[in-house]
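Asks: Input protein19.cif, format and content: mmCIF, C-alpha atoms.
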```
data_coords
loop_
_atom_site.label_atom_id
_atom_site.label_comp_id
_atom_site.auth_asym_id
_atom_site.auth_seq_id
_atom_site.Cartn_x
_atom_site.Cartn_y
_atom_site.Cartn_z
CA MET A 1 0.00 0.00 0.00
CA VAL A 2 1.68 3.18 -1.19
CA CYS A 3 -0.29 5.41 1.18
CA GLU A 4 0.90 3.44 4.20
CA ALA A 5 4.44 4.49 3.36
CA TRP A 6 3.35 8.13 3.02
CA LYS A 7 1.42 8.06 6.25
CA ALA A 8 4.39 6.73 8.19
CA LYS A 9 6.10 10.01 7.35
CA LEU A 10 3.09 12.26 7.75
CA ASP A 11 4.14 13.76 11.08
CA THR A 12 7.70 14.32 9.85
CA TYR A 13 6.26 16.02 6.78
CA LEU A 14 4.02 18.27 8.87
CA ASP A 15 7.00 19.12 11.09
CA GLY A 16 8.79 20.27 7.92
CA GLU A 17 11.62 17.85 8.56
CA LEU A 18 11.71 15.84 5.34
CA PRO A 19 14.45 16.55 2.80
CA GLU A 20 13.50 19.35 0.40
CA GLU A 21 12.84 17.15 -2.58
CA GLU A 22 10.77 14.70 -0.55
CA MET A 23 8.77 17.62 0.86
CA ARG A 24 7.83 18.69 -2.66
CA THR A 25 6.86 15.16 -3.64
CA PHE A 26 4.85 14.80 -0.44
CA ASP A 27 3.09 18.13 -1.11
CA ALA A 28 2.00 16.94 -4.50
CA HIS A 29 0.81 13.61 -3.13
CA VAL A 30 -1.17 15.05 -0.20
CA ARG A 31 -2.99 17.48 -2.47
CA SER A 32 -4.21 14.68 -4.70
CA CYS A 33 -4.70 11.79 -2.27
CA THR A 34 -8.17 11.47 -0.77
CA SER A 35 -6.83 9.27 2.03
CA CYS A 36 -3.77 11.29 3.08
CA ALA A 37 -5.31 14.76 2.75
CA PRO A 38 -7.86 14.41 5.59
CA ASP A 39 -5.22 12.73 7.77
CA ALA A 40 -2.81 15.60 7.15
CA LEU A 41 -5.52 18.14 7.94
CA THR A 42 -6.56 16.53 11.22
CA ARG A 43 -2.94 16.09 12.35
CA LEU A 44 -2.24 19.69 11.54
CA GLN A 45 -5.22 20.68 13.67
CA MET A 46 -3.89 18.47 16.44
CA LYS A 47 -0.53 20.24 16.24
CA ARG A 48 -2.26 23.61 16.54
CA ALA A 49 -4.41 22.43 19.43
CA ILE A 50 -1.27 21.27 21.31
CA GLN A 51 0.40 24.59 20.56
CA VAL A 52 -2.54 26.56 21.95
CA ALA A 53 -2.96 24.30 24.97
CA GLY A 54 0.78 24.20 25.60
CA ASN A 55 1.12 27.96 25.94
CA ARG A 56 -0.52 27.76 29.31
CA PHE A 57 1.64 29.24 32.06
CA THR A 58 2.67 32.86 32.44
CA PRO A 59 5.26 34.09 34.93
CA SER A 60 4.26 36.82 37.35
CA ASP A 61 5.59 40.35 36.85
CA GLU A 62 7.24 40.15 40.25
CA PHE A 63 9.12 37.00 39.25
CA ARG A 64 10.19 38.59 35.97
CA ARG A 65 11.59 41.59 37.86
CA ARG A 66 13.40 39.26 40.25
CA ILE A 67 15.12 37.45 37.37
CA GLN A 68 15.95 40.70 35.63
CA ARG A 69 17.50 42.06 38.79
CA SER A 70 19.52 38.90 39.26
CA ILE A 71 21.10 39.04 35.82
CA ALA A 72 21.20 42.79 35.23
CA ARG A 73 24.67 44.18 34.56
CA LYS A 74 24.77 47.12 36.93
CA PRO A 75 23.53 45.45 40.11
CA GLN A 76 25.79 42.52 39.38
CA ARG A 77 28.70 44.80 38.88
CA SER A 78 28.03 46.93 41.93
CA LEU A 79 27.49 43.84 44.04
CA ARG A 80 30.74 42.35 42.83
CA LEU A 81 32.55 45.62 43.39
CA ALA A 82 31.06 45.89 46.86
CA TRP A 83 32.26 42.38 47.64
CA MET A 84 35.71 43.10 46.32
CA LEU A 85 35.96 46.42 48.16
CA ALA A 86 34.69 44.91 51.38
CA ALA A 87 37.05 41.99 51.01
CA ALA A 88 39.96 44.27 50.20
CA ALA A 89 39.18 46.52 53.16
CA ILE A 90 39.06 43.59 55.56
CA VAL A 91 42.22 42.13 54.14
CA ILE A 92 44.12 45.41 54.19
CA LEU A 93 43.04 45.95 57.78
CA ALA A 94 44.07 42.45 58.77
CA VAL A 95 47.34 42.62 56.90
CA GLY A 96 48.10 46.06 58.31
CA THR A 97 47.65 44.80 61.85
CA LEU A 98 49.86 41.85 61.27
CA THR A 99 52.62 43.69 59.45
CA SER A 100 54.43 44.93 62.52
CA THR A 101 54.50 41.53 64.07
CA TYR A 102 55.71 38.79 61.79
CA ARG A 103 54.96 39.26 58.09
CA THR A 104 57.46 40.37 55.49
CA ARG A 105 56.57 42.70 52.60
CA SER A 106 56.44 39.90 50.06
CA GLY A 107 54.39 37.85 52.48
CA ARG A 108 51.85 40.68 52.75
CA GLU A 109 51.41 40.85 49.00
CA GLN A 110 50.88 37.13 48.84
CA ALA A 111 48.47 37.29 51.76
CA LEU A 112 46.52 40.08 50.08
CA ARG A 113 46.16 38.09 46.89
CA ASP A 114 45.23 34.91 48.72
CA SER A 115 42.74 36.64 50.94
CA ILE A 116 40.93 38.30 48.04
CA LEU A 117 40.66 34.93 46.36
CA GLN A 118 39.49 33.35 49.58
CA ASP A 119 36.74 35.93 49.88
CA HIS A 120 35.72 35.32 46.29
CA VAL A 121 35.37 31.60 46.99
CA PHE A 122 33.62 32.37 50.24
CA SER A 123 31.03 34.56 48.50
CA GLU A 124 30.31 31.81 45.94
CA ILE A 125 29.82 29.25 48.70
CA ALA A 126 27.72 31.69 50.74
CA ASP A 127 25.50 32.30 47.67
CA LEU A 128 24.97 28.57 47.24
CA HIS A 129 24.16 28.13 50.93
CA VAL A 130 21.67 31.02 50.98
CA SER A 131 19.94 30.11 47.73
CA THR A 132 19.52 26.53 48.92
CA LEU A 133 17.93 27.57 52.19
CA ALA A 134 15.68 30.04 50.35
CA SER A 135 14.46 27.32 48.01
CA THR A 136 11.05 25.71 48.54
CA SER A 137 12.75 22.32 48.26
CA PRO A 138 16.23 22.76 49.76
CA VAL A 139 17.15 19.09 49.59
CA ASP A 140 16.62 16.50 46.88
CA VAL A 141 17.13 13.53 49.16
CA VAL A 142 15.33 13.98 52.46
CA SER A 143 16.71 11.71 55.14
CA THR A 144 18.42 11.81 58.51
CA ASP A 145 20.12 8.52 57.72
CA ARG A 146 23.62 8.82 56.25
CA HIS A 147 23.21 5.34 54.76
CA THR A 148 20.34 6.71 52.68
CA VAL A 149 21.89 10.04 51.77
CA LYS A 150 25.35 8.80 50.76
CA PRO A 151 24.15 6.18 48.22
CA TRP A 152 21.79 8.76 46.69
CA PHE A 153 24.82 10.57 45.26
CA GLN A 154 26.09 7.47 43.46
CA GLY A 155 26.12 8.07 39.73
CA LYS A 156 25.27 11.76 40.18
CA ILE A 157 28.72 13.05 41.13
CA PRO A 158 32.07 11.71 39.91
CA PHE A 159 33.48 10.82 43.35
CA ALA A 160 32.54 9.20 46.65
CA PHE A 161 32.84 10.54 50.18
CA ASN A 162 32.00 9.48 53.71
CA LEU A 163 29.43 11.01 55.99
CA PRO A 164 30.14 11.09 59.73
CA GLU A 165 28.31 9.20 62.42
CA LEU A 166 26.26 11.76 64.37
CA GLN A 167 25.30 9.74 67.40
CA ASN A 168 26.16 11.54 70.64
CA SER A 169 26.56 14.81 68.75
CA GLU A 170 24.21 17.79 68.55
CA PHE A 171 24.10 17.69 64.77
CA SER A 172 21.35 16.12 62.73
CA LEU A 173 21.38 15.42 59.02
CA LEU A 174 18.44 16.88 57.06
CA GLY A 175 19.35 15.67 53.57
CA GLY A 176 21.41 16.44 50.52
CA ARG A 177 21.36 17.77 46.99
CA MET A 178 23.59 18.11 43.98
CA THR A 179 25.27 21.45 43.52
CA TYR A 180 27.75 23.19 41.25
CA LEU A 181 30.71 25.48 41.93
CA ASP A 182 32.16 27.00 38.78
CA GLN A 183 30.31 24.33 36.78
CA THR A 184 31.91 21.54 38.79
CA PRO A 185 29.40 19.07 40.24
CA GLY A 186 29.52 18.41 43.93
CA ALA A 187 27.50 17.35 46.95
CA GLN A 188 25.75 19.62 49.42
CA LEU A 189 24.64 18.22 52.76
CA ILE A 190 22.38 20.18 55.08
CA TYR A 191 22.75 19.75 58.85
CA ASP A 192 20.84 21.20 61.74
CA VAL A 193 22.28 22.25 65.07
CA ARG A 194 20.10 24.12 67.58
CA LYS A 195 17.86 25.43 64.77
CA HIS A 196 20.84 26.69 62.74
CA HIS A 197 21.32 25.18 59.31
CA ILE A 198 24.81 24.33 58.17
CA SER A 199 25.80 23.36 54.63
CA VAL A 200 28.68 21.02 53.95
CA PHE A 201 29.93 21.19 50.36
CA VAL A 202 32.19 18.52 48.89
CA PHE A 203 33.93 18.94 45.52
CA GLN A 204 36.68 17.14 43.71
CA GLU A 205 39.75 19.33 44.25
CA ARG A 206 41.19 18.40 40.85
CA SER A 207 38.00 19.41 39.02
CA LEU A 208 37.82 22.75 40.76
CA ARG A 209 41.33 23.61 39.64
CA VAL A 210 40.76 22.66 36.01
CA GLY A 211 38.90 25.25 33.98
CA SER A 212 38.04 27.31 37.00
CA GLU A 213 38.49 31.03 37.18
CA LEU A 214 39.55 30.54 40.76
CA GLU A 215 43.19 29.86 41.37
CA TRP A 216 43.09 28.05 44.66
CA PRO A 217 45.63 29.73 46.93
CA ALA A 218 47.96 27.44 48.80
CA SER A 219 47.07 29.11 52.05
CA LEU A 220 43.42 28.16 51.69
CA GLY A 221 44.27 25.05 53.60
CA GLU A 222 43.72 23.64 57.00
CA ASN A 223 41.42 25.47 59.39
CA THR A 224 40.85 28.61 57.36
CA LEU A 225 37.98 30.39 59.05
CA SER A 226 35.91 33.07 57.40
CA PRO A 227 36.39 36.78 57.99
CA LYS A 228 34.59 37.53 61.21
CA LYS A 229 32.73 40.59 59.91
CA LEU A 230 30.80 38.60 57.33
CA PRO A 231 27.48 37.00 58.23
CA PHE A 232 28.54 33.35 58.07
CA ASN A 233 31.26 31.24 59.53
CA MET A 234 33.08 28.88 57.25
CA GLU A 235 35.80 26.29 57.38
CA THR A 236 37.48 24.66 54.43
CA TRP A 237 40.10 21.99 53.99
CA SER A 238 41.36 19.45 51.50
CA GLN A 239 41.43 15.78 52.32
CA GLY A 240 41.76 12.71 50.12
CA GLY A 241 41.59 14.74 46.92
CA LEU A 242 38.33 16.39 47.98
CA ARG A 243 37.72 20.01 48.95
CA TYR A 244 35.30 20.49 51.85
CA PHE A 245 33.46 23.67 52.85
CA VAL A 246 31.40 23.91 56.03
CA ILE A 247 29.32 27.08 56.20
CA GLY A 248 26.46 28.44 58.26
CA ASP A 249 25.33 31.06 60.71
CA ALA A 250 26.06 28.74 63.63
CA SER A 251 28.93 29.52 65.97
CA THR A 252 32.53 28.90 64.92
CA ALA A 253 32.63 26.14 67.54
CA ASP A 254 29.71 24.35 65.84
CA ILE A 255 31.23 24.81 62.38
CA ASP A 256 34.53 23.48 63.70
CA GLY A 257 32.75 20.60 65.46
CA LEU A 258 31.01 19.44 62.29
CA ALA A 259 34.22 19.85 60.29
CA LYS A 260 36.05 17.63 62.77
CA LEU A 261 33.41 14.93 62.41
CA PHE A 262 33.85 15.02 58.62
CA LYS A 263 37.63 14.90 58.92
CA ALA A 264 37.42 11.90 61.17
CA ALA A 265 35.02 10.12 58.81
CA ALA A 266 37.03 10.79 55.62
CA MET B 1 33.23 48.87 29.10
CA SER B 2 35.01 45.80 30.42
CA GLY B 3 34.76 42.31 28.98
CA VAL B 4 32.71 41.20 31.97
CA ASP B 5 30.18 43.97 31.44
CA THR B 6 29.90 43.18 27.74
CA GLN B 7 29.39 39.52 28.56
CA SER B 8 26.70 40.28 31.12
CA ASP B 9 24.97 42.64 28.69
CA SER B 10 25.02 39.96 25.99
CA PHE B 11 23.63 37.40 28.38
CA GLU B 12 20.73 39.61 29.39
CA GLU B 13 19.95 40.45 25.78
CA LEU B 14 19.99 36.80 24.78
CA ALA B 15 18.36 35.29 27.85
CA MET B 16 15.47 37.58 28.75
CA PRO B 17 13.53 37.07 25.48
CA LEU B 18 13.40 33.37 26.40
CA PHE B 19 12.02 34.03 29.88
CA ASP B 20 8.29 33.46 29.20
CA GLN B 21 8.94 30.30 27.19
CA LEU B 22 11.37 28.89 29.73
CA TYR B 23 8.92 29.54 32.53
CA ASN B 24 6.09 27.87 30.61
CA PHE B 25 8.29 24.85 29.92
CA ALA B 26 9.47 24.73 33.56
CA HIS B 27 5.88 24.83 34.81
CA TRP B 28 4.90 21.98 32.50
CA LEU B 29 7.83 19.92 33.80
CA THR B 30 7.33 20.61 37.49
CA GLN B 31 3.55 21.10 37.39
CA ASN B 32 3.93 23.54 40.26
CA ARG B 33 4.35 27.32 40.25
CA GLU B 34 6.84 27.57 43.10
CA GLU B 35 9.00 24.75 41.78
CA ALA B 36 8.87 26.27 38.30
CA GLU B 37 10.12 29.61 39.68
CA ASP B 38 12.93 27.88 41.57
CA LEU B 39 13.85 25.98 38.43
CA VAL B 40 13.93 29.07 36.22
CA GLN B 41 15.85 31.04 38.85
CA GLU B 42 18.46 28.29 39.12
CA THR B 43 18.67 28.01 35.35
CA TYR B 44 19.41 31.71 34.92
CA THR B 45 21.95 31.66 37.75
CA LYS B 46 23.78 28.68 36.28
CA ALA B 47 23.60 30.05 32.75
CA LEU B 48 24.99 33.44 33.78
CA LYS B 49 27.83 31.81 35.67
CA GLY B 50 28.61 29.48 32.79
CA PHE B 51 28.07 32.03 30.02
CA SER B 52 31.80 32.35 29.45
CA SER B 53 31.81 28.71 28.32
CA PHE B 54 28.96 29.30 25.84
CA GLN B 55 30.24 29.57 22.29
CA LEU B 56 28.67 32.59 20.61
CA GLY B 57 27.17 31.61 17.29
CA THR B 58 25.94 28.25 18.55
CA ASN B 59 22.36 27.63 19.61
CA PHE B 60 21.74 29.71 22.74
CA ARG B 61 18.09 28.64 23.06
CA ALA B 62 18.99 24.94 23.05
CA TRP B 63 21.77 25.69 25.56
CA MET B 64 19.34 27.41 27.97
CA TYR B 65 16.73 24.68 27.65
CA ARG B 66 19.41 22.06 28.22
CA ILE B 67 20.50 23.77 31.45
CA LEU B 68 16.89 24.02 32.59
CA ARG B 69 16.13 20.43 31.75
CA ASN B 70 19.32 19.09 33.39
CA THR B 71 18.59 21.15 36.48
CA PHE B 72 15.08 19.72 36.55
CA LEU B 73 16.38 16.17 36.22
CA THR B 74 18.58 16.61 39.30
CA SER B 75 15.70 18.06 41.35
CA ARG B 76 13.52 15.92 43.58
CA THR B 77 10.55 16.16 41.23
CA GLY B 78 12.75 15.49 38.22
CA LEU B 79 14.36 12.42 39.77
CA ARG B 80 10.96 11.04 40.63
CA ALA B 81 9.68 11.71 37.11
CA ALA B 82 12.80 10.31 35.44
CA SER B 83 12.49 7.08 37.40
CA THR B 84 9.28 6.33 35.51
CA VAL B 85 10.93 6.38 32.06
CA PRO B 86 10.33 3.00 30.41
CA LEU B 87 13.35 0.98 29.37
CA ASP B 88 12.00 -0.11 26.01
CA SER B 89 14.01 0.61 22.88
CA GLU B 90 13.48 3.91 21.15
CA ASP B 91 15.59 3.25 18.10
CA ASN B 92 13.03 1.51 15.95
CA GLY B 93 12.17 4.56 13.89
CA PRO B 94 8.83 6.34 13.64
CA GLU B 95 5.73 4.26 14.15
CA LEU B 96 2.88 4.01 11.73
CA ALA B 97 0.60 6.12 13.85
CA VAL B 98 -2.67 5.64 12.08
CA GLU B 99 -5.75 4.42 13.85
CA ASN B 100 -9.29 3.87 12.87
CA ALA B 101 -10.40 6.06 15.75
CA THR B 102 -9.63 9.70 15.17
CA PRO B 103 -9.30 11.72 18.33
CA GLU B 104 -8.21 14.53 16.06
CA THR B 105 -11.74 14.63 14.74
CA ILE B 106 -13.05 14.59 18.26
CA LEU B 107 -10.74 17.43 19.02
CA MET B 108 -11.84 19.34 16.00
CA LYS B 109 -15.42 19.13 17.18
CA SER B 110 -14.80 19.85 20.82
CA SER B 111 -11.96 22.40 20.47
CA ASN B 112 -11.46 21.82 24.14
CA SER B 113 -8.14 23.26 25.19
CA GLN B 114 -8.57 22.05 28.77
CA LEU B 115 -8.94 18.50 27.50
CA VAL B 116 -5.65 18.77 25.64
CA GLN B 117 -3.92 20.42 28.59
CA SER B 118 -5.06 17.64 30.85
CA ALA B 119 -3.85 15.02 28.37
CA ILE B 120 -0.44 16.72 28.06
CA ALA B 121 -0.13 16.92 31.85
CA ASP B 122 -0.85 13.19 32.11
CA LEU B 123 1.96 12.26 29.71
CA PRO B 124 5.16 10.81 31.20
CA VAL B 125 7.71 13.60 31.46
CA HIS B 126 9.95 12.30 28.62
CA PHE B 127 6.96 12.45 26.25
CA ARG B 128 5.68 15.75 27.63
CA GLU B 129 8.98 17.56 27.21
CA ILE B 130 9.61 16.42 23.64
CA LEU B 131 6.09 17.22 22.53
CA LEU B 132 6.27 20.72 24.03
CA LEU B 133 9.67 21.42 22.50
CA CYS B 134 8.35 20.41 19.08
CA GLU B 135 4.84 21.85 19.07
CA VAL B 136 4.99 24.79 21.47
CA GLU B 137 8.61 25.90 21.13
CA GLU B 138 8.62 24.87 17.46
CA MET B 139 12.14 23.51 17.74
CA SER B 140 13.63 21.58 14.85
CA TYR B 141 14.55 17.94 15.39
CA GLN B 142 18.18 19.04 15.50
CA GLU B 143 17.48 21.59 18.25
CA ILE B 144 15.51 19.03 20.23
CA ALA B 145 18.36 16.57 19.85
CA GLU B 146 20.78 19.18 21.22
CA THR B 147 18.47 20.13 24.07
CA LEU B 148 17.73 16.59 25.17
CA SER B 149 21.16 15.19 24.24
CA LEU B 150 19.58 12.51 22.08
CA PRO B 151 20.31 11.21 18.56
CA ILE B 152 17.90 12.55 15.93
CA GLY B 153 16.53 9.05 15.29
CA THR B 154 15.54 8.78 18.93
CA VAL B 155 13.95 12.24 18.79
CA MET B 156 11.79 11.12 15.87
CA SER B 157 10.73 7.83 17.41
CA ARG B 158 10.07 9.34 20.84
CA LEU B 159 8.06 12.16 19.30
CA SER B 160 6.01 9.68 17.34
CA ARG B 161 5.28 7.66 20.48
CA ALA B 162 4.46 10.81 22.44
CA ARG B 163 1.89 11.81 19.83
CA LYS B 164 0.38 8.37 19.78
CA THR B 165 0.17 8.32 23.58
CA LEU B 166 -1.50 11.74 23.56
CA ARG B 167 -4.02 10.63 20.96
CA ASP B 168 -4.81 7.49 22.98
CA CYS B 169 -5.19 9.60 26.11
CA LEU B 170 -7.55 12.02 24.38
CA GLN B 171 -9.53 9.10 23.05
CA ARG B 172 -9.95 7.69 26.56
CA GLN B 173 -10.89 11.07 28.01
CA PHE B 174 -13.45 11.61 25.31
CA GLN B 175 -14.97 8.19 25.88
CA LYS B 176 -15.17 8.89 29.64
CA GLY B 177 -16.74 12.29 29.09
#
```
Mind turning the file's structure into structure tokens?
Replies:
Amino acid sequence: MVCEAWKAKLDTYLDGELPEEEMRTFDAHVRSCTSCAPDALTRLQMKRAIQVAGNRFTPSDEFRRRIQRSIARKPQRSLRLAWMLAAAAIVILAVGTLTSTYRTRSGREQALRDSILQDHVFSEIADLHVSTLASTSPVDVVSTDRHTVKPWFQGKIPFAFNLPELQNSEFSLLGGRMTYLDQTPGAQLIYDVRKHHISVFVFQERSLRVGSELEWPASLGENTLSPKKLPFNMETWSQGGLRYFVIGDASTADIDGLAKLFKAAA
Amino acid sequence: MSGVDTQSDSFEELAMPLFDQLYNFAHWLTQNREEAEDLVQETYTKALKGFSSFQLGTNFRAWMYRILRNTFLTSRTGLRAASTVPLDSEDNGPELAVENATPETILMKSSNSQLVQSAIADLPVHFREILLLCEVEEMSYQEIAETLSLPIGTVMSRLSRARKTLRDCLQRQFQKG
């Protein structure tokens, strides 16, 4: 049956996806075929009905403004500048205080560079932490059981890591989600301690270095705590080829406590 | 003007015209306003951060939809939806989608947009997304292939099966009604 062969390609024809010559041949056939013509017409009407029905949801004006603000050049720029200026001010102050004690001139320059980079990393991590907590669904895997949360990441991120045992500690695990830092996939775990939420981020150190705008400073190593004037406390370290960040508005003792549990579990 | 400013300007100029469509697509995927807003917000954040890796001159729309769709697939709703994808082969080419019953005719008579919306919403997510990209976004097979990271043959066969499933669904709804 010749028409069966035509009809098998009817949708492709109506999508305009047949080769040019075949489209012309098909056109000629459909115009003259009493079997294919009604089929083509009804399928075309179906396409239009789906198109009309599919244009269903409209974003609110408030949401549109929110997106525009988030990607607009000037606010972005001023925010970035504010971060850089604030970071530079803190660093200069800190470096200035330390100068008379034990740092050399070359050491100060290195410290300045490292500290600015540290603050840049810190702001990225802080953004991720805040946006996660602001989300209506902050975690993708909801469980207090590390034996549920850890396997959930299998196949989703290109590395494995251990979660600490929390018995006899004040921390409780709320869940986890996938995250990205400079387009590098990683894991984000959310913990609770006395109603404060703490995020623990884990990334592959090697992946963060490759293709990243951030040159990881050597001094961003063991026990680097965040600048005290900023709203969060953070600790970061590298262990077993992985880079860990622990961040939250909990006390530095709590941040340090959770970091120690992770270090022991790694 | 610095390179960063120029880049941010370009991103805004390219990305904002897609906002309504991306939101509509996100809402169809998540079927929830709040989740759709979160998804679009995350898409724009990721896209802006990764814009330096986007090659100007390539398909920006497909790139944005791919980010949105990948973000959706790693969300809780997306993981749940993706777990329902059947494992049957999709490489058998387009089906001969001709039936004696003609829901299209039913549709023609009823012109009921709500009926179609309900049928689209009931589709499994892998059928829903491909149908919307083709019919609503009017993407070419090549663009759909780029967006969904699929071979064109799979795009064609999946689209064909999505249409057939939608027709069957409309037929059932009409018979119920």
Asks: Kindly determine which residues of chain A lie within 6 Å of chain B, considering only C-alpha atoms, and give the answer as a PyMOL selection string.
Replies: chain A and resi 8+42+46+51+53-54+57+73+140
Asks: How would the residues just chosen look if you wrote them out with C-alpha atoms as a PDB file, keeping the file's coordinate frame?
Replies:
```pdb
ATOM      1  CA  ALA A   8       4.390   6.730   8.190  1.00  0.00           C
ATOM      2  CA  THR A  42      -6.560  16.530  11.220  1.00  0.00           C
ATOM      3  CA  MET A  46      -3.890  18.470  16.440  1.00  0.00           C
ATOM      4  CA  GLN A  51       0.400  24.590  20.560  1.00  0.00           C
ATOM      5  CA  ALA A  53      -2.960  24.300  24.970  1.00  0.00           C
ATOM      6  CA  GLY A  54       0.780  24.200  25.600  1.00  0.00           C
ATOM      7  CA  PHE A  57       1.640  29.240  32.060  1.00  0.00           C
ATOM      8  CA  ARG A  73      24.670  44.180  34.560  1.00  0.00           C
ATOM      9  CA  ASP A 140      16.620  16.500  46.880  1.00  0.00           C
TER      10      ASP A 140
END
```
Asks: Give the answer as one residue: which of A:Val246, A:Val202, A:Val149, A:Met23 has the shortest atom-to-atom distance to Phe122 of chain A, using all atoms listed in the file?
Replies: A:Val246
Asks: Rounded to one decimal place, report the atom CA of Gln45 of chain A-atom CA of Asp27 of chain A distance in Å.
Replies: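 About the pair atom CA of Gln45 of chain A and atom CA of Asp27 of chain A: they are 17.1 Å apart.
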Asks: Residues at most 10 Å from Ala145 of chain B, counting all atoms listed in the file, excluding those fewer than 6 positions away in the same chain, as a list in words?
Replies: Ala62, Ile130, Met139, Pro151, Ile152, Gly153, Thr154, Val155 and Met156 of chain B
Asks: Which residues match the PyMOL selection byres ((chain A and resi 153) around 12) in the file above, as an mmCIF file with C-alpha atoms, keeping the file's coordinate frame?
Replies:
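File written: out_32.cif
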```
data_model
loop_
_atom_site.group_PDB
_atom_site.id
_atom_site.type_symbol
_atom_site.label_atom_id
_atom_site.label_comp_id
_atom_site.auth_asym_id
_atom_site.auth_seq_id
_atom_site.Cartn_x
_atom_site.Cartn_y
_atom_site.Cartn_z
ATOM 1 C CA ASP A 140 16.620 16.500 46.880
ATOM 2 C CA VAL A 141 17.130 13.530 49.160
ATOM 3 C CA ARG A 146 23.620 8.820 56.250
ATOM 4 C CA HIS A 147 23.210 5.340 54.760
ATOM 5 C CA THR A 148 20.340 6.710 52.680
ATOM 6 C CA VAL A 149 21.890 10.040 51.770
ATOM 7 C CA LYS A 150 25.350 8.800 50.760
ATOM 8 C CA PRO A 151 24.150 6.180 48.220
ATOM 9 C CA TRP A 152 21.790 8.760 46.690
ATOM 10 C CA GLN A 154 26.090 7.470 43.460
ATOM 11 C CA GLY A 155 26.120 8.070 39.730
ATOM 12 C CA LYS A 156 25.270 11.760 40.180
ATOM 13 C CA ILE A 157 28.720 13.050 41.130
ATOM 14 C CA PRO A 158 32.070 11.710 39.910
ATOM 15 C CA PHE A 159 33.480 10.820 43.350
ATOM 16 C CA ALA A 160 32.540 9.200 46.650
ATOM 17 C CA PHE A 161 32.840 10.540 50.180
ATOM 18 C CA ASN A 162 32.000 9.480 53.710
ATOM 19 C CA LEU A 163 29.430 11.010 55.990
ATOM 20 C CA GLY A 175 19.350 15.670 53.570
ATOM 21 C CA GLY A 176 21.410 16.440 50.520
ATOM 22 C CA ARG A 177 21.360 17.770 46.990
ATOM 23 C CA MET A 178 23.590 18.110 43.980
ATOM 24 C CA THR A 179 25.270 21.450 43.520
ATOM 25 C CA PRO A 185 29.400 19.070 40.240
ATOM 26 C CA GLY A 186 29.520 18.410 43.930
ATOM 27 C CA ALA A 187 27.500 17.350 46.950
ATOM 28 C CA GLN A 188 25.750 19.620 49.420
ATOM 29 C CA LEU A 189 24.640 18.220 52.760
ATOM 30 C CA VAL A 202 32.190 18.520 48.890
ATOM 31 C CA THR B 74 18.580 16.610 39.300
ATOM 32 C CA LEU B 79 14.360 12.420 39.770
#
```
Asks: Could you work out how far atom CA of Phe201 of chain A lies from atom CA of Tyr244 of chain A, giving the answer in Å with one decimal?
Replies: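 Between these atoms lies a distance of 5.6 Å.
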Asks: Identify which of the residues A:Val193, A:Ala126, A:Leu14, A:Ala266 lies closest to Trp237 of chain A, counting only C-alpha atoms when measuring atom-to-atom distances.
Replies: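 That would be A:Ala266, the residue with the smallest distance to Trp237 of chain A.
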Asks: List, as a PyMOL selection string, every residue that the PyMOL selection byres ((chain A and resi 37) around 12) selects in the file provided.
Replies: chain A and resi 3+6-7+10+14+26-36+38-44
Asks: Evaluate the PyMOL selection byres ((chain A and resi 255) around 10) and record the selected residues as a list in words, following the chain and residue labels used in the document.
Replies: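 Matching residues under the PyMOL selection byres ((chain A and resi 255) around 10) are Val193, Ile198, Ser199, Val200, Leu225, Phe232, Asn233, Met234, Glu235, Phe245, Val246, Ile247, Gly248, Asp249, Ala250, Ser251, Thr252, Ala253, Asp254, Asp256, Gly257, Leu258, Ala259 and Lys260 of chain A.
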Asks: Pick from A:Gln204, A:Ser123, A:Ser70, A:Thr144: nearest to Thr43 of chain B, with all atoms listed in the file counted?
Replies: A:Ser70
Asks: What is the distance between atom CA of Ala72 of chain A and atom CA of Leu14 of chain B, in Å to one decimal?
Replies: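 These two atoms are separated by 12.1 Å.
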Asks: From the structure just shown, export segment 194-200 of chain A with N, CA and C atoms as a PDB file, in the first residue's frame.
Replies:
```
ATOM      1  N   ARG A 194      20.843  23.112  66.810  1.00  0.00           N
ATOM      2  CA  ARG A 194      20.097  24.123  67.577  1.00  0.00           C
ATOM      3  C   ARG A 194      19.407  25.135  66.671  1.00  0.00           C
ATOM      4  N   LYS A 195      18.656  24.627  65.717  1.00  0.00           N
ATOM      5  CA  LYS A 195      17.856  25.428  64.769  1.00  0.00           C
ATOM      6  C   LYS A 195      18.698  26.249  63.783  1.00  0.00           C
ATOM      7  N   HIS A 196      20.002  26.068  63.770  1.00  0.00           N
ATOM      8  CA  HIS A 196      20.843  26.687  62.742  1.00  0.00           C
ATOM      9  C   HIS A 196      21.093  25.649  61.654  1.00  0.00           C
ATOM     10  N   HIS A 197      21.029  26.097  60.419  1.00  0.00           N
ATOM     11  CA  HIS A 197      21.320  25.184  59.311  1.00  0.00           C
ATOM     12  C   HIS A 197      22.754  25.383  58.829  1.00  0.00           C
ATOM     13  N   ILE A 198      23.419  24.289  58.636  1.00  0.00           N
ATOM     14  CA  ILE A 198      24.812  24.333  58.165  1.00  0.00           C
ATOM     15  C   ILE A 198      24.892  23.530  56.868  1.00  0.00           C
ATOM     16  N   SER A 199      25.560  24.096  55.873  1.00  0.00           N
ATOM     17  CA  SER A 199      25.800  23.355  54.629  1.00  0.00           C
ATOM     18  C   SER A 199      27.223  22.816  54.624  1.00  0.00           C
ATOM     19  N   VAL A 200      27.348  21.587  54.185  1.00  0.00           N
ATOM     20  CA  VAL A 200      28.676  21.024  53.949  1.00  0.00           C
ATOM     21  C   VAL A 200      28.773  20.742  52.445  1.00  0.00           C
TER      22      VAL A 200
END
```
